[in-house]
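**Student:** I am sharing entry_3.tsv, which consists of TSV, C-alpha atoms:
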```
chain	number	residue	atom	x	y	z
N	1	MET	CA	39.52	-12.51	-25.31
N	2	LEU	CA	39.48	-11.60	-29.00
N	3	LEU	CA	40.81	-14.27	-31.32
N	4	ASP	CA	41.65	-14.37	-35.01
N	5	SER	CA	39.62	-16.54	-37.34
N	6	ASN	CA	42.15	-19.31	-37.83
N	7	LEU	CA	42.84	-22.78	-36.50
N	8	ASP	CA	45.62	-21.58	-34.18
N	9	SER	CA	42.90	-19.78	-32.23
N	10	VAL	CA	41.21	-23.11	-31.58
N	11	GLU	CA	44.31	-24.32	-29.74
N	12	VAL	CA	44.71	-21.00	-27.90
N	13	ALA	CA	41.09	-21.05	-26.71
N	14	GLU	CA	41.22	-24.67	-25.63
N	15	ALA	CA	44.40	-24.10	-23.61
N	16	ALA	CA	43.05	-20.93	-21.99
N	17	VAL	CA	39.75	-22.51	-20.95
N	18	LEU	CA	41.43	-25.66	-19.66
N	19	ALA	CA	43.76	-23.58	-17.50
N	20	ASP	CA	40.71	-22.02	-15.84
N	21	ALA	CA	39.01	-25.41	-15.56
N	22	VAL	CA	42.05	-26.82	-13.78
N	23	ASP	CA	41.93	-23.90	-11.33
N	24	ILE	CA	38.33	-24.75	-10.45
N	25	GLY	CA	39.25	-28.37	-9.81
N	26	PHE	CA	37.79	-30.34	-12.70
N	27	GLU	CA	39.19	-33.85	-13.06
N	28	GLU	CA	40.83	-35.38	-16.11
N	29	GLU	CA	37.74	-36.78	-17.84
N	30	GLN	CA	35.79	-33.56	-17.31
N	31	LEU	CA	38.75	-31.57	-18.60
N	32	HIS	CA	38.72	-33.70	-21.74
N	33	GLN	CA	35.00	-33.01	-22.20
N	34	ILE	CA	35.43	-29.28	-21.64
N	35	GLY	CA	38.34	-29.20	-24.06
N	36	MET	CA	36.36	-30.98	-26.75
N	37	ALA	CA	33.33	-28.74	-26.28
N	38	VAL	CA	35.46	-25.61	-26.56
N	39	ARG	CA	37.29	-27.00	-29.59
N	40	GLU	CA	34.01	-27.77	-31.37
N	41	GLY	CA	32.59	-24.35	-30.49
N	42	MET	CA	35.73	-22.61	-31.75
N	43	VAL	CA	35.85	-24.63	-34.97
N	44	ASN	CA	32.23	-23.72	-35.65
N	45	ALA	CA	32.99	-20.04	-35.05
N	46	VAL	CA	36.15	-19.96	-37.18
N	47	VAL	CA	35.08	-22.26	-40.00
N	48	HIS	CA	31.30	-21.93	-40.30
N	49	GLY	CA	30.72	-18.55	-38.63
N	50	ASN	CA	33.59	-16.31	-39.68
N	51	ARG	CA	34.65	-18.55	-42.58
N	52	TYR	CA	38.33	-17.87	-41.85
N	53	ASN	CA	37.73	-14.16	-42.62
N	54	SER	CA	40.77	-12.31	-41.24
N	55	ARG	CA	38.68	-9.18	-40.65
N	56	LYS	CA	36.33	-11.04	-38.31
N	57	LYS	CA	37.10	-12.06	-34.74
N	58	VAL	CA	35.97	-14.78	-32.38
N	59	HIS	CA	34.97	-13.51	-28.94
N	60	LEU	CA	35.81	-15.88	-26.08
N	61	SER	CA	34.58	-15.27	-22.56
N	62	VAL	CA	35.30	-17.54	-19.60
N	63	THR	CA	33.68	-17.10	-16.20
N	64	LYS	CA	34.89	-19.08	-13.22
N	65	ALA	CA	32.74	-19.87	-10.19
N	66	PRO	CA	33.49	-22.31	-7.35
N	67	ASP	CA	31.07	-24.88	-8.77
N	68	ARG	CA	31.01	-24.16	-12.49
N	69	LEU	CA	32.77	-22.93	-15.57
N	70	THR	CA	30.89	-20.83	-18.11
N	71	VAL	CA	32.28	-20.38	-21.61
N	72	VAL	CA	30.80	-18.11	-24.26
N	73	ILE	CA	32.07	-18.25	-27.84
N	74	ALA	CA	30.69	-15.71	-30.32
N	75	ASP	CA	31.52	-15.21	-33.98
N	76	GLU	CA	30.83	-12.35	-36.38
N	77	GLY	CA	29.30	-14.48	-39.12
N	78	GLU	CA	25.87	-14.46	-40.68
N	79	GLY	CA	24.28	-16.64	-38.02
N	80	PHE	CA	22.08	-19.67	-38.51
N	81	ASP	CA	18.79	-21.12	-37.38
N	82	LEU	CA	19.40	-24.11	-35.13
N	83	ASN	CA	16.09	-25.59	-36.23
N	84	THR	CA	17.16	-25.79	-39.86
N	85	LEU	CA	20.26	-27.88	-39.19
N	86	PRO	CA	20.04	-31.53	-40.24
N	87	ASN	CA	19.74	-33.93	-37.31
N	88	PRO	CA	23.11	-35.76	-37.30
N	89	LEU	CA	21.50	-38.75	-35.60
N	90	ALA	CA	18.85	-39.30	-38.27
N	91	GLU	CA	19.44	-42.46	-40.27
N	92	GLU	CA	19.74	-40.54	-43.53
N	93	ASN	CA	22.39	-38.21	-42.06
N	94	LEU	CA	24.67	-40.72	-40.35
N	95	LEU	CA	27.08	-40.82	-43.28
N	96	ARG	CA	27.33	-37.05	-43.70
N	97	GLN	CA	30.86	-35.83	-43.26
N	98	SER	CA	30.02	-32.82	-41.09
N	99	GLY	CA	27.35	-31.52	-38.74
N	100	ARG	CA	28.27	-33.24	-35.47
N	101	GLY	CA	29.98	-30.37	-33.63
N	102	LEU	CA	26.95	-29.05	-31.75
N	103	LEU	CA	25.92	-32.60	-30.88
N	104	LEU	CA	29.29	-33.19	-29.22
N	105	ILE	CA	29.13	-29.89	-27.32
N	106	GLN	CA	25.69	-30.81	-25.99
N	107	ALA	CA	26.98	-34.21	-24.93
N	108	PHE	CA	29.99	-32.85	-23.05
N	109	VAL	CA	28.58	-29.88	-21.10
N	110	ASP	CA	25.69	-29.53	-18.67
N	111	GLU	CA	24.05	-26.46	-20.15
N	112	PHE	CA	24.17	-25.35	-23.76
N	113	GLN	CA	22.54	-22.45	-25.58
N	114	VAL	CA	22.87	-21.05	-29.08
N	115	ARG	CA	21.54	-17.59	-29.89
N	116	ARG	CA	22.06	-14.70	-32.26
N	117	ALA	CA	24.96	-12.54	-31.14
N	118	GLN	CA	24.70	-8.75	-31.16
N	119	PRO	CA	25.17	-7.03	-33.55
N	120	GLY	CA	25.47	-10.19	-35.69
N	121	GLY	CA	26.77	-13.72	-35.72
N	122	THR	CA	26.20	-16.64	-33.39
N	123	GLU	CA	26.85	-16.99	-29.68
N	124	VAL	CA	27.30	-20.37	-28.04
N	125	ARG	CA	27.11	-20.50	-24.26
N	126	MET	CA	28.14	-23.60	-22.38
N	127	VAL	CA	28.26	-24.38	-18.66
N	128	LYS	CA	30.02	-27.26	-16.97
N	129	TYR	CA	29.34	-27.97	-13.29
N	130	LEU	CA	32.03	-29.35	-11.06
N	131	ALA	CA	29.79	-31.82	-9.27
N	132	LYS	CA	27.81	-33.16	-12.22
N	133	ALA	CA	29.12	-35.87	-14.46
N	134	SER	CA	27.83	-35.66	-18.01
O	1	MET	CA	51.14	-33.28	-32.76
O	2	SER	CA	48.99	-34.47	-35.64
O	3	VAL	CA	48.48	-38.07	-36.66
O	4	LYS	CA	51.20	-40.55	-37.67
O	5	LEU	CA	50.03	-43.29	-40.02
O	6	THR	CA	51.89	-46.54	-40.59
O	7	ILE	CA	50.60	-48.94	-43.21
O	8	ARG	CA	51.28	-52.68	-43.09
O	9	GLN	CA	49.88	-55.75	-44.78
O	10	VAL	CA	48.49	-58.76	-42.91
O	11	GLY	CA	47.53	-61.31	-45.52
O	12	SER	CA	45.00	-59.65	-47.76
O	13	VAL	CA	44.14	-56.96	-45.19
O	14	THR	CA	45.77	-53.53	-45.15
O	15	VAL	CA	46.21	-52.31	-41.60
O	16	ILE	CA	46.67	-48.61	-40.87
O	17	ASP	CA	48.21	-48.00	-37.48
O	18	ALA	CA	47.26	-44.46	-36.49
O	19	ALA	CA	48.92	-42.59	-33.62
O	20	GLY	CA	48.32	-39.08	-32.32
O	21	ARG	CA	45.39	-36.75	-32.95
O	22	ILE	CA	42.85	-36.83	-35.78
O	23	THR	CA	41.51	-33.29	-35.68
O	24	LEU	CA	40.59	-30.51	-38.08
O	25	GLY	CA	43.59	-29.55	-40.18
O	26	GLU	CA	46.61	-31.69	-40.86
O	27	GLY	CA	45.57	-34.76	-38.88
O	28	ALA	CA	42.20	-35.20	-40.54
O	29	SER	CA	43.51	-34.48	-44.05
O	30	GLN	CA	46.42	-36.94	-43.64
O	31	PHE	CA	43.93	-39.61	-42.65
O	32	ARG	CA	41.64	-38.82	-45.61
O	33	ASP	CA	44.49	-38.84	-48.12
O	34	ALA	CA	45.86	-42.16	-46.87
O	35	ILE	CA	42.51	-43.91	-47.18
O	36	ARG	CA	41.82	-42.40	-50.60
O	37	ASP	CA	45.22	-43.56	-51.85
O	38	LEU	CA	44.59	-47.10	-50.65
O	39	ALA	CA	41.11	-47.19	-52.17
O	40	ALA	CA	42.42	-45.78	-55.45
O	41	LYS	CA	45.06	-48.47	-55.76
O	42	GLY	CA	42.47	-51.16	-55.20
O	43	ASP	CA	42.86	-52.11	-51.53
O	44	LYS	CA	39.47	-53.43	-50.48
O	45	LYS	CA	40.10	-54.72	-46.96
O	46	ILE	CA	41.17	-51.91	-44.69
O	47	LEU	CA	41.52	-52.10	-40.92
O	48	VAL	CA	42.18	-48.84	-39.08
O	49	ASN	CA	43.97	-49.38	-35.78
O	50	LEU	CA	43.12	-46.44	-33.48
O	51	SER	CA	44.69	-47.84	-30.31
O	52	GLU	CA	47.36	-45.11	-30.23
O	53	VAL	CA	44.99	-42.28	-31.14
O	54	SER	CA	44.60	-39.98	-28.17
O	55	TYR	CA	42.06	-37.51	-29.54
O	56	ILE	CA	39.48	-37.32	-32.32
O	57	ASP	CA	37.22	-34.31	-32.86
O	58	SER	CA	34.09	-34.01	-35.01
O	59	SER	CA	36.23	-33.30	-38.09
O	60	GLY	CA	38.20	-36.48	-37.46
O	61	ILE	CA	34.95	-38.38	-37.04
O	62	GLY	CA	33.78	-36.83	-40.31
O	63	GLU	CA	36.90	-38.03	-42.11
O	64	MET	CA	36.41	-41.53	-40.75
O	65	VAL	CA	32.85	-41.54	-42.07
O	66	SER	CA	33.99	-40.12	-45.41
O	67	SER	CA	36.71	-42.79	-45.60
O	68	TYR	CA	34.17	-45.49	-44.85
O	69	THR	CA	32.02	-44.21	-47.72
O	70	THR	CA	35.00	-43.99	-50.09
O	71	VAL	CA	36.11	-47.56	-49.40
O	72	THR	CA	32.56	-48.92	-49.54
O	73	ASN	CA	31.93	-47.15	-52.85
O	74	HIS	CA	35.03	-48.89	-54.20
O	75	GLY	CA	33.51	-52.23	-53.21
O	76	GLY	CA	35.66	-52.60	-50.12
O	77	GLN	CA	35.32	-52.82	-46.36
O	78	LEU	CA	36.70	-50.49	-43.69
O	79	LYS	CA	36.70	-51.63	-40.06
O	80	LEU	CA	38.04	-50.16	-36.82
O	81	LEU	CA	40.36	-51.71	-34.22
O	82	GLY	CA	41.44	-50.77	-30.72
O	83	LEU	CA	39.17	-47.90	-29.81
O	84	SER	CA	39.83	-46.12	-26.52
O	85	LYS	CA	36.90	-45.51	-24.21
O	86	ARG	CA	36.77	-41.90	-25.38
O	87	VAL	CA	36.58	-42.86	-29.03
O	88	LYS	CA	33.96	-45.51	-28.24
O	89	ASP	CA	31.98	-42.81	-26.43
O	90	LEU	CA	32.18	-40.62	-29.54
O	91	LEU	CA	30.79	-43.42	-31.69
O	92	GLN	CA	27.98	-43.90	-29.17
O	93	ILE	CA	27.12	-40.19	-29.05
O	94	THR	CA	27.13	-39.89	-32.83
O	95	LYS	CA	25.35	-43.23	-33.32
O	96	LEU	CA	28.16	-44.32	-35.62
O	97	TYR	CA	28.53	-47.59	-33.76
O	98	THR	CA	25.66	-48.64	-36.03
O	99	VAL	CA	27.85	-47.92	-39.07
O	100	PHE	CA	31.33	-49.12	-38.15
O	101	GLU	CA	32.34	-52.66	-37.36
O	102	VAL	CA	34.62	-52.38	-34.33
O	103	PHE	CA	37.11	-54.89	-32.89
O	104	ASP	CA	39.32	-55.09	-29.81
O	105	ASP	CA	41.39	-58.00	-31.10
O	106	GLU	CA	43.44	-57.67	-34.30
O	107	ALA	CA	43.39	-61.36	-35.20
O	108	ALA	CA	39.61	-61.44	-34.90
O	109	ALA	CA	39.36	-58.30	-37.00
O	110	ILE	CA	41.58	-59.78	-39.72
O	111	ARG	CA	39.53	-63.00	-39.77
O	112	SER	CA	36.29	-61.03	-40.12
O	113	PHE	CA	37.09	-59.73	-43.60
O	114	THR	CA	35.38	-61.69	-46.34
```
Please rewrite the model in this file as structure tokens.
**Tutor:**
Amino acid sequence: MLLDSNLDSVEVAEAAVLADAVDIGFEEEQLHQIGMAVREGMVNAVVHGNRYNSRKKVHLSVTKAPDRLTVVIADEGEGFDLNTLPNPLAEENLLRQSGRGLLLIQAFVDEFQVRRAQPGGTEVRMVKYLAKAS
Amino acid sequence: MSVKLTIRQVGSVTVIDAAGRITLGEGASQFRDAIRDLAAKGDKKILVNLSEVSYIDSSGIGEMVSSYTTVTNHGGQLKLLGLSKRVKDLLQITKLYTVFEVFDDEAAAIRSFT
């Protein structure tokens, strides 16, 4: 699914992924976690990756399996080095206004990877298993 | 639906009853503007009642932190009331339970302001 770089796309992506998650059989609390993870991933892609650029798209891929849901969100931005991001849990960063999105994604899914997308941008891959509670 | 904010006074404490979603966009900016207005007009004891808030994302969390800083920098106090389990979980994950003073009971929260 190709999505525009605006906040409406965040809602569209969340609704689309949750529909697939319901099909697989995730329960309410897991659906909430999946929804939040997708929302945070989409906000990162639209706001920080594509910077609301109307010429750039967000690429959303959802793969359903009987025991898991895999979501990949890729932007067309400049990319970033995960290692250079401030640790939002460090004492000196607790009062920063932003920088918690990836932390929340990690907390709410079972597998989480960030890598450079091809030809450019950032790709976030997240997996939620039906049987695991995170 | 974004957030609906209702402001009331209990003694010297300003209580903001929030309902709905505090997320990136209208919800988070409404919340920020309300707190900034209160701080600017000199309110120093602010209790944010989140018992009717169904959803907060990282942007909403960011606005709560920013509001805390704004009020504190004005010499005031900002405390939280009525957090759902999900919001409590968010404060745990983000370690912000070490920053915010959180209450389940409004009367106790009101009494706690100095």
**Student:** Contacts of stretch 75-92 of chain O at 7 Å or less, counting all atoms listed in the file, minus same-chain residues fewer than 5 places along, as a short mmCIF file (atom, residue, chain, number, x, y, z; two decimals) with C-alpha atoms, keeping the file's coordinate frame?
**Tutor:**
```
data_model
loop_
_atom_site.label_atom_id
_atom_site.label_comp_id
_atom_site.auth_asym_id
_atom_site.auth_seq_id
_atom_site.Cartn_x
_atom_site.Cartn_y
_atom_site.Cartn_z
CA LYS O 44 39.47 -53.43 -50.48
CA LYS O 45 40.10 -54.72 -46.96
CA ILE O 46 41.17 -51.91 -44.69
CA LEU O 47 41.52 -52.10 -40.92
CA VAL O 48 42.18 -48.84 -39.08
CA ASN O 49 43.97 -49.38 -35.78
CA LEU O 50 43.12 -46.44 -33.48
CA SER O 51 44.69 -47.84 -30.31
CA TYR O 68 34.17 -45.49 -44.85
CA TYR O 97 28.53 -47.59 -33.76
CA PHE O 100 31.33 -49.12 -38.15
CA GLU O 101 32.34 -52.66 -37.36
CA VAL O 102 34.62 -52.38 -34.33
CA PHE O 103 37.11 -54.89 -32.89
CA ASP O 104 39.32 -55.09 -29.81
CA GLU O 106 43.44 -57.67 -34.30
#
```
**Student:** Could you tell me how far atom CA of N:Glu29 lies from atom CA of N:Asp110, in Å and to one decimal?
**Tutor:**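 One can read the atom CA of N:Glu29 to atom CA of N:Asp110 distance as 14.1 Å.
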**Student:** What are the residues of chain O lining chain N at 6 Å or less? Count only C-alpha atoms, and put the answer as a list in words.
**Tutor:**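 Going by the stated atoms only, the list reads Ser58, Gly62, Val65 and Ser66 of chain O.
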**Student:** Using all atoms listed in the file, pick whichever of O:Thr14, O:Thr94, O:Gln9, O:Gln30 has the shortest atom-to-atom distance to O:Glu63.
**Tutor:** O:Gln30
**Student:** For N:Asn50, find every residue with an atom within 9 Å (counting all atoms listed in the file), except residues of its own chain fewer than 6 positions away, and show them as a list in words.
**Tutor:**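 Once the nearby chain positions are removed, what remains is Ser5, Asn44, Lys56, Lys57, Val58, Asp75, Glu76, Gly77, Glu78 and Gly121 of chain N.
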**Student:** Keeping only C-alpha atoms, write the selected residues to a file as an mmCIF file, in the frame of the given file.
**Tutor:**
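Full text of selection-v4.cif as output:
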```
data_model
loop_
_atom_site.group_PDB
_atom_site.id
_atom_site.type_symbol
_atom_site.label_atom_id
_atom_site.label_comp_id
_atom_site.auth_asym_id
_atom_site.auth_seq_id
_atom_site.Cartn_x
_atom_site.Cartn_y
_atom_site.Cartn_z
ATOM 1 C CA SER N 5 39.620 -16.540 -37.340
ATOM 2 C CA ASN N 44 32.230 -23.720 -35.650
ATOM 3 C CA LYS N 56 36.330 -11.040 -38.310
ATOM 4 C CA LYS N 57 37.100 -12.060 -34.740
ATOM 5 C CA VAL N 58 35.970 -14.780 -32.380
ATOM 6 C CA ASP N 75 31.520 -15.210 -33.980
ATOM 7 C CA GLU N 76 30.830 -12.350 -36.380
ATOM 8 C CA GLY N 77 29.300 -14.480 -39.120
ATOM 9 C CA GLU N 78 25.870 -14.460 -40.680
ATOM 10 C CA GLY N 121 26.770 -13.720 -35.720
#
```
**Student:** At what distance in Å, to one decimal, does atom CA of N:Phe26 lie from atom CA of N:Glu123?
**Tutor:**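 Calculated distance between atom CA of N:Glu123 and atom CA of N:Phe26 is 24.2 Å.
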**Student:** Name all residues at most 10 Å from N:Pro66 (count only C-alpha atoms; drop same-chain ones fewer than 5 positions away) and give them as a list in words.
**Tutor:**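 Result of the neighbour search: Asp23, Ile24, Gly25, Tyr129 and Leu130 of chain N.
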**Student:** What gap, in Å, lies between atom CA of O:Val99 and atom CA of N:Asp81?
**Tutor:** 28.3 Å
**Student:** Taking all atoms of stretch 43-49 of chain N that the file lists, what box with edges along x, y and z, padded by 3 Å per side, do you get, with centre and edge lengths in Å to one decimal, as JSON?
**Tutor:**
```
{"center_x": 33.4, "center_y": -21.6, "center_z": -37.6, "size_x": 11.4, "size_y": 12.1, "size_z": 11.3}
```
**Student:** Tell me, as a list in words, which residues lie within 8 Å of O:Ala39, counting all atoms listed in the file; anything in the same chain fewer than 2 positions away does not count.
**Tutor:**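 Residues meeting the cut-off are Ile35, Arg36, Asp37, Lys41, Gly42, Asp43, Lys44, Thr70, Val71, His74 and Gly76 of chain O.
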**Student:** Once you count all atoms listed in the file, which residues end up no further than 7 Å from (29.9, -16.3, -27.6) in the file's frame, shown as an mmCIF file with C-alpha atoms, in the coordinates of the input?
**Tutor:**
```cif
data_model
loop_
_atom_site.group_PDB
_atom_site.id
_atom_site.type_symbol
_atom_site.label_atom_id
_atom_site.label_comp_id
_atom_site.auth_asym_id
_atom_site.auth_seq_id
_atom_site.Cartn_x
_atom_site.Cartn_y
_atom_site.Cartn_z
ATOM 1 C CA HIS N 59 34.970 -13.510 -28.940
ATOM 2 C CA LEU N 60 35.810 -15.880 -26.080
ATOM 3 C CA SER N 61 34.580 -15.270 -22.560
ATOM 4 C CA VAL N 72 30.800 -18.110 -24.260
ATOM 5 C CA ILE N 73 32.070 -18.250 -27.840
ATOM 6 C CA ALA N 74 30.690 -15.710 -30.320
ATOM 7 C CA ASP N 75 31.520 -15.210 -33.980
ATOM 8 C CA THR N 122 26.200 -16.640 -33.390
ATOM 9 C CA GLU N 123 26.850 -16.990 -29.680
ATOM 10 C CA VAL N 124 27.300 -20.370 -28.040
ATOM 11 C CA ARG N 125 27.110 -20.500 -24.260
#
```
**Student:** Let me make sure I understand: among O:Ser54, O:Asp33, O:Leu38, O:Lys95, which one has the smallest atom-to-atom distance to O:Ala18 if we use all atoms listed in the file?
**Tutor:**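 Of O:Ser54, O:Asp33, O:Leu38, O:Lys95, the one nearest O:Ala18, counting all atoms listed in the file, is O:Ser54.
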**Student:** Could you tell me which of O:Ser112, O:Thr23, O:Ile61, O:Ala34 comes closest to O:Leu96 if we count all atoms listed in the file?
**Tutor:**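 Going through O:Ser112, O:Thr23, O:Ile61, O:Ala34 one by one, the smallest distance to O:Leu96 is for O:Ile61.
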**Student:** Taking all atoms listed in the file into account, name the residue in O:Ser59, O:Val3, O:Asp105, O:Phe113 that is nearest to O:Phe31.
**Tutor:**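 Between O:Ser59, O:Val3, O:Asp105, O:Phe113, the residue approaching O:Phe31 most closely is O:Val3.
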**Student:** Rebuild N, CA and C atoms on stretch 69-91 of chain N, as a short mmCIF file (atom, residue, chain, number, x, y, z; two decimals), keeping the file's coordinate frame?
**Tutor:**
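For reference, rebuild_23.cif as written:
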```cif
data_model
loop_
_atom_site.label_atom_id
_atom_site.label_comp_id
_atom_site.auth_asym_id
_atom_site.auth_seq_id
_atom_site.Cartn_x
_atom_site.Cartn_y
_atom_site.Cartn_z
N LEU N 69 32.01 -23.70 -14.59
CA LEU N 69 32.77 -22.93 -15.57
C LEU N 69 31.80 -22.55 -16.69
N THR N 70 31.75 -21.29 -17.03
CA THR N 70 30.89 -20.83 -18.11
C THR N 70 31.76 -20.29 -19.24
N VAL N 71 31.51 -20.80 -20.44
CA VAL N 71 32.28 -20.38 -21.61
C VAL N 71 31.32 -19.85 -22.66
N VAL N 72 31.61 -18.67 -23.18
CA VAL N 72 30.80 -18.11 -24.26
C VAL N 72 31.71 -17.87 -25.46
N ILE N 73 31.31 -18.42 -26.60
CA ILE N 73 32.07 -18.25 -27.84
C ILE N 73 31.14 -17.59 -28.86
N ALA N 74 31.55 -16.43 -29.36
CA ALA N 74 30.69 -15.71 -30.32
C ALA N 74 31.50 -15.40 -31.58
N ASP N 75 30.86 -15.57 -32.72
CA ASP N 75 31.52 -15.21 -33.98
C ASP N 75 30.85 -13.98 -34.58
N GLU N 76 31.37 -13.52 -35.69
CA GLU N 76 30.83 -12.35 -36.38
C GLU N 76 30.30 -12.75 -37.74
N GLY N 77 29.81 -13.97 -37.85
CA GLY N 77 29.30 -14.48 -39.12
C GLY N 77 27.86 -14.08 -39.37
N GLU N 78 27.24 -14.80 -40.28
CA GLU N 78 25.87 -14.46 -40.68
C GLU N 78 24.82 -15.09 -39.78
N GLY N 79 25.24 -15.99 -38.90
CA GLY N 79 24.28 -16.64 -38.02
C GLY N 79 23.54 -17.76 -38.71
N PHE N 80 22.84 -18.56 -37.93
CA PHE N 80 22.08 -19.67 -38.51
C PHE N 80 20.92 -19.99 -37.59
N ASP N 81 19.96 -20.69 -38.15
CA ASP N 81 18.79 -21.12 -37.38
C ASP N 81 19.03 -22.58 -36.97
N LEU N 82 19.13 -22.77 -35.66
CA LEU N 82 19.40 -24.11 -35.13
C LEU N 82 18.39 -25.13 -35.64
N ASN N 83 17.15 -24.67 -35.83
CA ASN N 83 16.09 -25.59 -36.23
C ASN N 83 16.21 -26.07 -37.67
N THR N 84 17.03 -25.38 -38.45
CA THR N 84 17.16 -25.79 -39.86
C THR N 84 18.33 -26.76 -40.08
N LEU N 85 19.11 -26.99 -39.02
CA LEU N 85 20.26 -27.88 -39.19
C LEU N 85 19.80 -29.33 -39.28
N PRO N 86 20.41 -30.11 -40.16
CA PRO N 86 20.04 -31.53 -40.24
C PRO N 86 20.37 -32.25 -38.93
N ASN N 87 19.50 -33.15 -38.52
CA ASN N 87 19.74 -33.93 -37.31
C ASN N 87 20.83 -34.97 -37.62
N PRO N 88 22.01 -34.84 -36.96
CA PRO N 88 23.11 -35.76 -37.30
C PRO N 88 22.84 -37.20 -36.88
N LEU N 89 21.81 -37.40 -36.05
CA LEU N 89 21.50 -38.75 -35.60
C LEU N 89 20.42 -39.43 -36.45
N ALA N 90 19.85 -38.69 -37.38
CA ALA N 90 18.85 -39.30 -38.27
C ALA N 90 19.55 -40.28 -39.20
N GLU N 91 18.86 -41.37 -39.45
CA GLU N 91 19.44 -42.46 -40.27
C GLU N 91 20.04 -41.92 -41.57
#
```
